[in-house]
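Note sheet for the following structure.
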Amino acid sequence: MSAAREAVLGRVRSALADVTPTPEPVVPPITSALSAAPEGHVLDVFVERVEDYKAVVEQVDAEGLAAHLATLFEPGQRVVVPAGLPAELAAAVPVAVTEDDGPLTAAELDAVDAVVTLAAVGVAETGTIVLDHSAGQGRRALSLVPDRHVCVVRADQVVADVPEAVARLAGAVSAGAPLTWISGPSATSDIELDRVEGVHGPRTLHVLLVAADTVGPVS
Amino acid sequence: MSGTFVGMPVFPTAARAALGDTQLRHNLAHATGVIRAKRAKLVDEVEAAHAAGAPGGWEDLRLAGAAVKQRALDDLAGQLELLEESLTKAGAVVHWARDAAEANAIVARVAKSHGADEVVKVKSMVTQEIGLNEALEAEGIAAWETDLAELIVQLADDLPSHILVPAIHRNRAEVREIFLRRMKDVGRPAPADLTDEPKVLAAAAREHLREKFLRAKVGVSGANFAVAETGTLVVVESEGNGRMCLTLPEVLVSVVGIEKVVPTFAELDPLLRLLPRSSTGERMNPYTSTWSGVTPGDGPQEVHVVLLDNGRTNALADQVGRQALRCIRCSACLNVCPVYERAGGHAYGSVYPGPIGAILNPLLKGTGEKQTDSLPYASSLCGACFEACPVRIDIPEVLVHLRTKVVDGHRGDFPPKAEAVAMKGAAWAFSDASRLGLVEKASGLSGRVLGRLSKSAFPGGRPTAGRLAGPAVAWTGARDLPAPPAESFRQWWARTDGGTRPDSTATPSSTTTEGETR
Amino acid sequence: MRVALMVTCINDAMFPDTGKAVVRLLRRLGVDVEFPASQTCCSQPMVNTGYLDEAVPVVRTFTEAFAGYDAIITPSGSCAGCARHQHGMVAERSGDPALVKAVAETSPKTYELSEFLVDVLGVTDVGAYFPHTVTYHPTCHSLRMLGVGDRPRRLLENVRGLRLRELPAAEQCCGFGGTFAVKNSDTSVAMGSDKARHVRETGAEVLVAGDNSCLMHIGGTLSRQQAGVRVMHLAEILASTEDEPAGASTASHEGSAR
């Protein structure tokens, strides 16, 4: 509908006849005290803020990660493991469900118990984890439909606040990747502003913060 | 032009009905009070970090947020062309719509081309503005609202009354009743043992909507932001219903107002910090999704974006009013507005209620229609909205500007409105102090008369003017009015030479005494 | 320093004692205040109702009346706000460069009373005496348009004998809003009733504020409720001394000094 296009753009141009654009991007201020804080403190706040959203957070050594992961599930539970998740983690879940033989349907995803993913970035100030859906994180539906999301975040992925997170994610976005920013389990405050955790997205979010930088996606 | 609830009366009439609804008053006062407190706490937290050494505070963040949106608007044509180019490169199909009808037709065409008789919807203000659900229904396509509050409103065949929490006017007992009565008509029924606990009600919504999410072929969304540089759309939400609609269907159509554009991905940053704090009173909302066109093997493989004008270029052409297009629909202005808190959202007669609605509706639709023209007056100009706005829209300034437009639209009226005659009279008196002096002498005379007739007095002894007739009844129906004093200030100044001559003579025929109160 | 009193139209016609109190207070502080007799109104009633053409001659009268003064003092946050923040817009509308220039002279010299006392005179203790329980309502335009901040409070805290009580939800609008009070009288009354309730909750004898228009609205509501609370302008309390106490002849009418 190019007539509409020309009409809209024409009206925009004539409405702005009196305006001179600003070519330089805005440089937003740093508003978090964490941006200048030592790493240990940043991690402490990350844990505290994720817990604020009623998510479960545990700090685990890289060596003990797979063993600990195994303790999070009941025997026989079916857990989605996205392509690129380290083999020792995929092996730690009771029944691994993969997409090696083609994508799972939404209904199939709805029938599994949980999903384990890696993450791209953690944000301490806001208690957020961000997935860029690269290897080990799965396509978007994998961390959405199952009712429980176990997410492995490395300490070196945790940044102070949103500005640092946006800077780290810019490359993925430029390359066309989608992002999912997750701050706690799904929630609603639509009835009398009374917050309820757990609506359509996973009702349980379990974050494993790994102290070392040894856990990464495999290709 | 759609956007006004059909047959809505002017604001004062609608507000009067709402003010008499005690349940509504209670629900609103409670909900806005809760959300105000949450927002205030987080603004204080940012300020405390600033005091503890963070370079910027809340005001700096607001300035940055406003600057980003303003920068995009100042170069809107260029930014839209860039957005179109980036989206197309990313595999999206870009459509343009001049008005609601064009946008609705595009969405219906896409749905039909896939043989869909239903779509799942992410909560979106713009699709309500254009009446998309009704338009799709007319084409035989059911549009399912999936946000909990929107679901409540849709099931009750009600109207939204708040930007963020459209069912803010409903309490838990009402929601339970609506679910029990209506869910069975449109899908999975509510469980028979449904209680009014929010957790239980949310679980019922989850069960009811799950089947719709899993089978839907077409999803419909709006967007909170659209990044021109990368062709990235952003949806900010809480429940995960947005992620469901954006991810599971094969086809996604997003209707995006042209004012949603943000130049670069980096410039999203201040807006992502401002929006959740201002809106839900959270450091971050549970879910933010961003996507750039089609992601191979992930989510919808056919992505449409409808860029919509529908009056936005009218607003853009208004040099004072164009700042309203910076709005990020957080609803902080509603939550702090003393008028909204009492009259509720329906009184504004639009999907955009509250202070922002009072300026956005006349800006989008133009002035000259009675209901729209009543909106800029639905404010005491207290300024709480401007103070709360994360993108620094000076709403009181725009309200006054729009009042001027309303008045100017009636300058040719014959006979003129009584108010216009009164204002002309006031201008005549206030243009010359000697004329004002005459008016005050008459007022003093009436004060003496009213004072003598008065049956009541204020604490301190000053008589009231009693219950007056005519336009003054709007005041004295519920409030006492002091009788005018016998002597005006200027008369006193002239008589006593500014109080330097001994004030031995009592005020002539005194109805007030020294130390007067009102 | 040449100092003018802009008494405001509502104080001139309805609340002359507020003007007299400002004069008494400023003289006590050594300020020789003049009253330019050609003054009328700040134009706010027209501006805020949308009658900009009608506001033009009123603003012109304002600039003529106050031309040449170093400070224009007004016992109203709202009228000071209009002079400082809206006169420019009215002058632009007139298309008269001379008026634009005149407004640029008078606007920045207009002070709300508490601003003048604290910022220009540098005093917070004005030597006042008012032995009553008081609560303070910060009016919207003084709070948000002018940003007077805690200046009125600091002045009140230094009044001998005065006991200040916190007003709940103090920063919420009382619902006056100029013509809003009659155009949307139902909503205005609902807001006023809540404000009056909060005032009563404090148990104060006197509600004080810096704008008589708001006080007329809240006071009218309190009076209709037979609440037994007086309303007084800040200037009248600051002008009150042991020798010349405010309201001495009438304070006994309702719950006064005890």
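Following the order of the structure tokens, first chain is A, next is B, and so on, with residues numbered from 1 inside each chain and ligands from 1 in the order they appear.
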Step one, run DSSP on the backbone; step two, keep only residues of region 36-115 of chain A assigned to strand (DSSP E or B); then write them as a list of chain:residue names.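 Strand (DSSP E or B) members of region 36-115 of chain A, listed: A:Val56, A:Val57, A:Glu58, A:Gln59, A:Val60, A:Arg78, A:Val79, A:Val80, A:Val95, A:Ala96, A:Val97, A:Ala114, A:Val115.
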If you count only C-alpha atoms, which residues fall within 7 Å of region 122-133 of chain B, apart from same-chain ones fewer than 4 positions away, as a PDB file with all heavy atoms, in the first residue's frame?
ATOM      1  N   SER B   2     -12.130   6.219  14.991  1.00  0.00           N
ATOM      2  CA  SER B   2     -12.573   5.487  16.176  1.00  0.00           C
ATOM      3  C   SER B   2     -11.791   6.001  17.372  1.00  0.00           C
ATOM      4  O   SER B   2     -10.955   6.873  17.256  1.00  0.00           O
ATOM      5  CB  SER B   2     -12.300   4.002  15.979  1.00  0.00           C
ATOM      6  OG  SER B   2     -10.933   3.793  15.794  1.00  0.00           O
ATOM      7  N   GLY B   3     -12.041   5.450  18.512  1.00  0.00           N
ATOM      8  CA  GLY B   3     -11.251   5.822  19.672  1.00  0.00           C
ATOM      9  C   GLY B   3     -12.072   6.428  20.788  1.00  0.00           C
ATOM     10  O   GLY B   3     -11.616   6.535  21.898  1.00  0.00           O
ATOM     11  N   ALA B 100      -7.397   3.840  11.104  1.00  0.00           N
ATOM     12  CA  ALA B 100      -7.812   2.589  11.741  1.00  0.00           C
ATOM     13  C   ALA B 100      -8.329   1.587  10.707  1.00  0.00           C
ATOM     14  O   ALA B 100      -7.966   0.408  10.739  1.00  0.00           O
ATOM     15  CB  ALA B 100      -8.897   2.888  12.781  1.00  0.00           C
ATOM     16  N   ASN B 104      -6.857  -2.161  10.221  1.00  0.00           N
ATOM     17  CA  ASN B 104      -7.706  -3.322  10.494  1.00  0.00           C
ATOM     18  C   ASN B 104      -7.817  -4.223   9.268  1.00  0.00           C
ATOM     19  O   ASN B 104      -7.786  -5.454   9.383  1.00  0.00           O
ATOM     20  CB  ASN B 104      -9.106  -2.862  10.926  1.00  0.00           C
ATOM     21  CG  ASN B 104      -9.084  -2.234  12.305  1.00  0.00           C
ATOM     22  OD1 ASN B 104      -8.212  -2.547  13.124  1.00  0.00           O
ATOM     23  ND2 ASN B 104     -10.019  -1.338  12.582  1.00  0.00           N
ATOM     24  N   GLU B 137     -13.959  -9.307  14.158  1.00  0.00           N
ATOM     25  CA  GLU B 137     -15.205 -10.028  14.413  1.00  0.00           C
ATOM     26  C   GLU B 137     -16.144  -9.879  13.214  1.00  0.00           C
ATOM     27  O   GLU B 137     -16.795 -10.843  12.786  1.00  0.00           O
ATOM     28  CB  GLU B 137     -15.856  -9.495  15.686  1.00  0.00           C
ATOM     29  CG  GLU B 137     -16.882 -10.443  16.279  1.00  0.00           C
ATOM     30  CD  GLU B 137     -17.607  -9.818  17.473  1.00  0.00           C
ATOM     31  OE1 GLU B 137     -16.985  -9.005  18.185  1.00  0.00           O
ATOM     32  OE2 GLU B 137     -18.781 -10.150  17.669  1.00  0.00           O
ATOM     33  N   ALA B 143     -10.882 -12.597  18.006  1.00  0.00           N
ATOM     34  CA  ALA B 143      -9.621 -12.092  18.563  1.00  0.00           C
ATOM     35  C   ALA B 143      -9.631 -12.345  20.059  1.00  0.00           C
ATOM     36  O   ALA B 143     -10.457 -11.788  20.783  1.00  0.00           O
ATOM     37  CB  ALA B 143      -9.486 -10.597  18.267  1.00  0.00           C
ATOM     38  N   GLU B 145      -8.167 -11.896  23.628  1.00  0.00           N
ATOM     39  CA  GLU B 145      -7.265 -11.120  24.486  1.00  0.00           C
ATOM     40  C   GLU B 145      -6.631 -12.089  25.474  1.00  0.00           C
ATOM     41  O   GLU B 145      -7.335 -12.920  26.065  1.00  0.00           O
ATOM     42  CB  GLU B 145      -8.024 -10.023  25.234  1.00  0.00           C
ATOM     43  CG  GLU B 145      -8.579  -8.916  24.344  1.00  0.00           C
ATOM     44  CD  GLU B 145      -7.490  -8.042  23.733  1.00  0.00           C
ATOM     45  OE1 GLU B 145      -6.313  -8.188  24.114  1.00  0.00           O
ATOM     46  OE2 GLU B 145      -7.811  -7.216  22.858  1.00  0.00           O
ATOM     47  N   THR B 146      -5.329 -11.994  25.680  1.00  0.00           N
ATOM     48  CA  THR B 146      -4.669 -12.987  26.528  1.00  0.00           C
ATOM     49  C   THR B 146      -4.048 -12.396  27.790  1.00  0.00           C
ATOM     50  O   THR B 146      -3.617 -13.134  28.670  1.00  0.00           O
ATOM     51  CB  THR B 146      -3.566 -13.732  25.738  1.00  0.00           C
ATOM     52  OG1 THR B 146      -2.553 -12.801  25.374  1.00  0.00           O
ATOM     53  CG2 THR B 146      -4.145 -14.392  24.493  1.00  0.00           C
ATOM     54  N   ASP B 147      -3.977 -11.081  27.879  1.00  0.00           N
ATOM     55  CA  ASP B 147      -3.544 -10.453  29.134  1.00  0.00           C
ATOM     56  C   ASP B 147      -4.675 -10.639  30.135  1.00  0.00           C
ATOM     57  O   ASP B 147      -5.853 -10.553  29.761  1.00  0.00           O
ATOM     58  CB  ASP B 147      -3.268  -8.973  28.874  1.00  0.00           C
ATOM     59  CG  ASP B 147      -3.079  -8.187  30.152  1.00  0.00           C
ATOM     60  OD1 ASP B 147      -1.993  -8.285  30.742  1.00  0.00           O
ATOM     61  OD2 ASP B 147      -4.029  -7.492  30.577  1.00  0.00           O
ATOM     62  N   GLU B 150      -7.117  -7.761  30.299  1.00  0.00           N
ATOM     63  CA  GLU B 150      -7.865  -7.630  29.046  1.00  0.00           C
ATOM     64  C   GLU B 150      -8.876  -8.757  28.910  1.00  0.00           C
ATOM     65  O   GLU B 150      -9.970  -8.565  28.371  1.00  0.00           O
ATOM     66  CB  GLU B 150      -6.916  -7.640  27.839  1.00  0.00           C
ATOM     67  CG  GLU B 150      -5.958  -6.459  27.762  1.00  0.00           C
ATOM     68  CD  GLU B 150      -6.644  -5.149  27.404  1.00  0.00           C
ATOM     69  OE1 GLU B 150      -7.869  -5.122  27.270  1.00  0.00           O
ATOM     70  OE2 GLU B 150      -5.921  -4.141  27.271  1.00  0.00           O
ATOM     71  N   VAL B 220      -1.282 -11.493  17.180  1.00  0.00           N
ATOM     72  CA  VAL B 220      -1.348 -10.049  16.906  1.00  0.00           C
ATOM     73  C   VAL B 220      -0.778  -9.311  18.104  1.00  0.00           C
ATOM     74  O   VAL B 220      -1.131  -9.615  19.251  1.00  0.00           O
ATOM     75  CB  VAL B 220      -2.800  -9.594  16.644  1.00  0.00           C
ATOM     76  CG1 VAL B 220      -2.870  -8.075  16.507  1.00  0.00           C
ATOM     77  CG2 VAL B 220      -3.363 -10.256  15.402  1.00  0.00           C
ATOM     78  N   SER B 221       0.089  -8.351  17.844  1.00  0.00           N
ATOM     79  CA  SER B 221       0.673  -7.568  18.945  1.00  0.00           C
ATOM     80  C   SER B 221       0.760  -6.101  18.567  1.00  0.00           C
ATOM     81  O   SER B 221       0.540  -5.723  17.421  1.00  0.00           O
ATOM     82  CB  SER B 221       2.085  -8.081  19.262  1.00  0.00           C
ATOM     83  OG  SER B 221       3.035  -7.506  18.376  1.00  0.00           O
ATOM     84  N   GLY B 222       1.084  -5.310  19.548  1.00  0.00           N
ATOM     85  CA  GLY B 222       1.545  -3.949  19.301  1.00  0.00           C
ATOM     86  C   GLY B 222       3.048  -3.989  19.494  1.00  0.00           C
ATOM     87  O   GLY B 222       3.672  -5.033  19.307  1.00  0.00           O
ATOM     88  N   ASN B 241       2.041 -14.114  28.492  1.00  0.00           N
ATOM     89  CA  ASN B 241       1.078 -14.238  27.400  1.00  0.00           C
ATOM     90  C   ASN B 241       1.628 -13.574  26.140  1.00  0.00           C
ATOM     91  O   ASN B 241       1.402 -14.040  25.026  1.00  0.00           O
ATOM     92  CB  ASN B 241      -0.257 -13.596  27.791  1.00  0.00           C
ATOM     93  CG  ASN B 241      -0.148 -12.094  28.018  1.00  0.00           C
ATOM     94  OD1 ASN B 241       0.674 -11.653  28.817  1.00  0.00           O
ATOM     95  ND2 ASN B 241      -0.947 -11.321  27.322  1.00  0.00           N
ATOM     96  N   GLY B 242       2.398 -12.518  26.347  1.00  0.00           N
ATOM     97  CA  GLY B 242       3.026 -11.851  25.215  1.00  0.00           C
ATOM     98  C   GLY B 242       4.008 -12.782  24.526  1.00  0.00           C
ATOM     99  O   GLY B 242       3.971 -12.965  23.307  1.00  0.00           O
ATOM    100  N   CYS B 245       2.207 -15.347  22.436  1.00  0.00           N
ATOM    101  CA  CYS B 245       1.662 -14.840  21.168  1.00  0.00           C
ATOM    102  C   CYS B 245       2.768 -14.496  20.181  1.00  0.00           C
ATOM    103  O   CYS B 245       2.583 -14.598  18.972  1.00  0.00           O
ATOM    104  CB  CYS B 245       0.821 -13.588  21.405  1.00  0.00           C
ATOM    105  SG  CYS B 245      -0.616 -13.856  22.450  1.00  0.00           S
ATOM    106  N   VAL B 255       0.977  -4.242  15.074  1.00  0.00           N
ATOM    107  CA  VAL B 255       0.516  -2.908  14.699  1.00  0.00           C
ATOM    108  C   VAL B 255       1.290  -1.909  15.557  1.00  0.00           C
ATOM    109  O   VAL B 255       1.256  -1.975  16.784  1.00  0.00           O
ATOM    110  CB  VAL B 255      -1.003  -2.754  14.937  1.00  0.00           C
ATOM    111  CG1 VAL B 255      -1.472  -1.374  14.477  1.00  0.00           C
ATOM    112  CG2 VAL B 255      -1.773  -3.860  14.214  1.00  0.00           C
ATOM    113  N   GLY B 257       2.278   2.119  16.198  1.00  0.00           N
ATOM    114  CA  GLY B 257       2.106   3.557  15.959  1.00  0.00           C
ATOM    115  C   GLY B 257       3.436   4.145  15.522  1.00  0.00           C
ATOM    116  O   GLY B 257       4.498   3.748  16.025  1.00  0.00           O
ATOM    117  N   VAL B 351      -9.877   4.737  25.123  1.00  0.00           N
ATOM    118  CA  VAL B 351      -8.925   3.760  25.639  1.00  0.00           C
ATOM    119  C   VAL B 351      -7.737   4.454  26.294  1.00  0.00           C
ATOM    120  O   VAL B 351      -6.982   3.831  27.021  1.00  0.00           O
ATOM    121  CB  VAL B 351      -8.410   2.803  24.541  1.00  0.00           C
ATOM    122  CG1 VAL B 351      -9.565   2.009  23.964  1.00  0.00           C
ATOM    123  CG2 VAL B 351      -7.670   3.552  23.441  1.00  0.00           C
TER     124      VAL B 351
END
Could you pull the residues within 9 Å of Arg49 (chain A), counting only C-alpha atoms, minus those fewer than 5 positions along the same chain, as a ChimeraX atom specification? /A:44,124-128
Near chain B, meaning an atom within 7 Å, which residues of chain A appear when counting only C-alpha atoms? Write them as JSON, numbers by chain. {"A": [1, 4, 5, 8, 9, 11, 12, 13, 15, 16, 19, 20, 21, 22, 26, 28, 29, 30, 31, 32, 33, 106, 107, 126, 139, 140, 141, 162, 163, 166, 167, 170, 174, 176, 177, 178, 179, 180, 181, 182, 183, 184, 185, 186, 187, 188, 190, 191, 192, 193, 196, 199, 200, 201]}
Give me the residues near Val398 (chain B) as an NGL selection string, where near means some atom within 12 Å (using only C-alpha atoms) and where sequence neighbours in that chain fewer than 5 positions away do not count. (:B and (315 or 318-325 or 355-363 or 375-377 or 379 or 381 or 383 or 385-386 or 392-393 or 403-405)) or (:C and (48 or 50))
Go ahead and write the selection's residues with C-alpha atoms as an mmCIF file, in the first residue's frame.
data_model
loop_
_atom_site.group_PDB
_atom_site.id
_atom_site.type_symbol
_atom_site.label_atom_id
_atom_site.label_comp_id
_atom_site.auth_asym_id
_atom_site.auth_seq_id
_atom_site.Cartn_x
_atom_site.Cartn_y
_atom_site.Cartn_z
ATOM 1 C CA ALA B 315 -0.407 15.653 16.984
ATOM 2 C CA ASP B 318 1.001 20.781 16.932
ATOM 3 C CA GLN B 319 4.127 22.506 18.180
ATOM 4 C CA VAL B 320 3.099 22.437 21.838
ATOM 5 C CA GLY B 321 1.226 19.154 21.758
ATOM 6 C CA ARG B 322 3.723 17.035 19.824
ATOM 7 C CA GLN B 323 5.615 16.211 23.038
ATOM 8 C CA ALA B 324 2.684 13.919 23.905
ATOM 9 C CA LEU B 325 3.970 11.507 21.236
ATOM 10 C CA PRO B 355 -4.067 13.028 32.093
ATOM 11 C CA ILE B 356 -2.372 11.600 29.017
ATOM 12 C CA GLY B 357 -5.770 10.738 27.569
ATOM 13 C CA ALA B 358 -6.986 14.258 28.242
ATOM 14 C CA ILE B 359 -4.310 15.549 25.866
ATOM 15 C CA LEU B 360 -3.791 12.599 23.509
ATOM 16 C CA ASN B 361 -7.417 12.276 22.426
ATOM 17 C CA PRO B 362 -7.825 15.906 21.330
ATOM 18 C CA LEU B 363 -4.382 15.835 19.715
ATOM 19 C CA LEU B 375 -11.227 16.413 28.199
ATOM 20 C CA PRO B 376 -8.652 19.232 28.469
ATOM 21 C CA TYR B 377 -10.836 20.683 31.244
ATOM 22 C CA SER B 379 -7.903 18.531 35.270
ATOM 23 C CA LEU B 381 -3.791 21.544 36.601
ATOM 24 C CA GLY B 383 0.936 19.164 37.869
ATOM 25 C CA CYS B 385 1.278 14.117 36.077
ATOM 26 C CA PHE B 386 4.215 16.125 34.739
ATOM 27 C CA ARG B 392 8.819 14.679 30.846
ATOM 28 C CA ILE B 393 5.634 15.441 28.943
ATOM 29 C CA ARG B 403 -8.130 24.652 26.187
ATOM 30 C CA THR B 404 -7.041 27.600 24.071
ATOM 31 C CA LYS B 405 -7.759 25.575 20.935
ATOM 32 C CA ASN C 48 -6.135 28.483 32.394
ATOM 33 C CA GLY C 50 -8.225 28.912 27.404
#
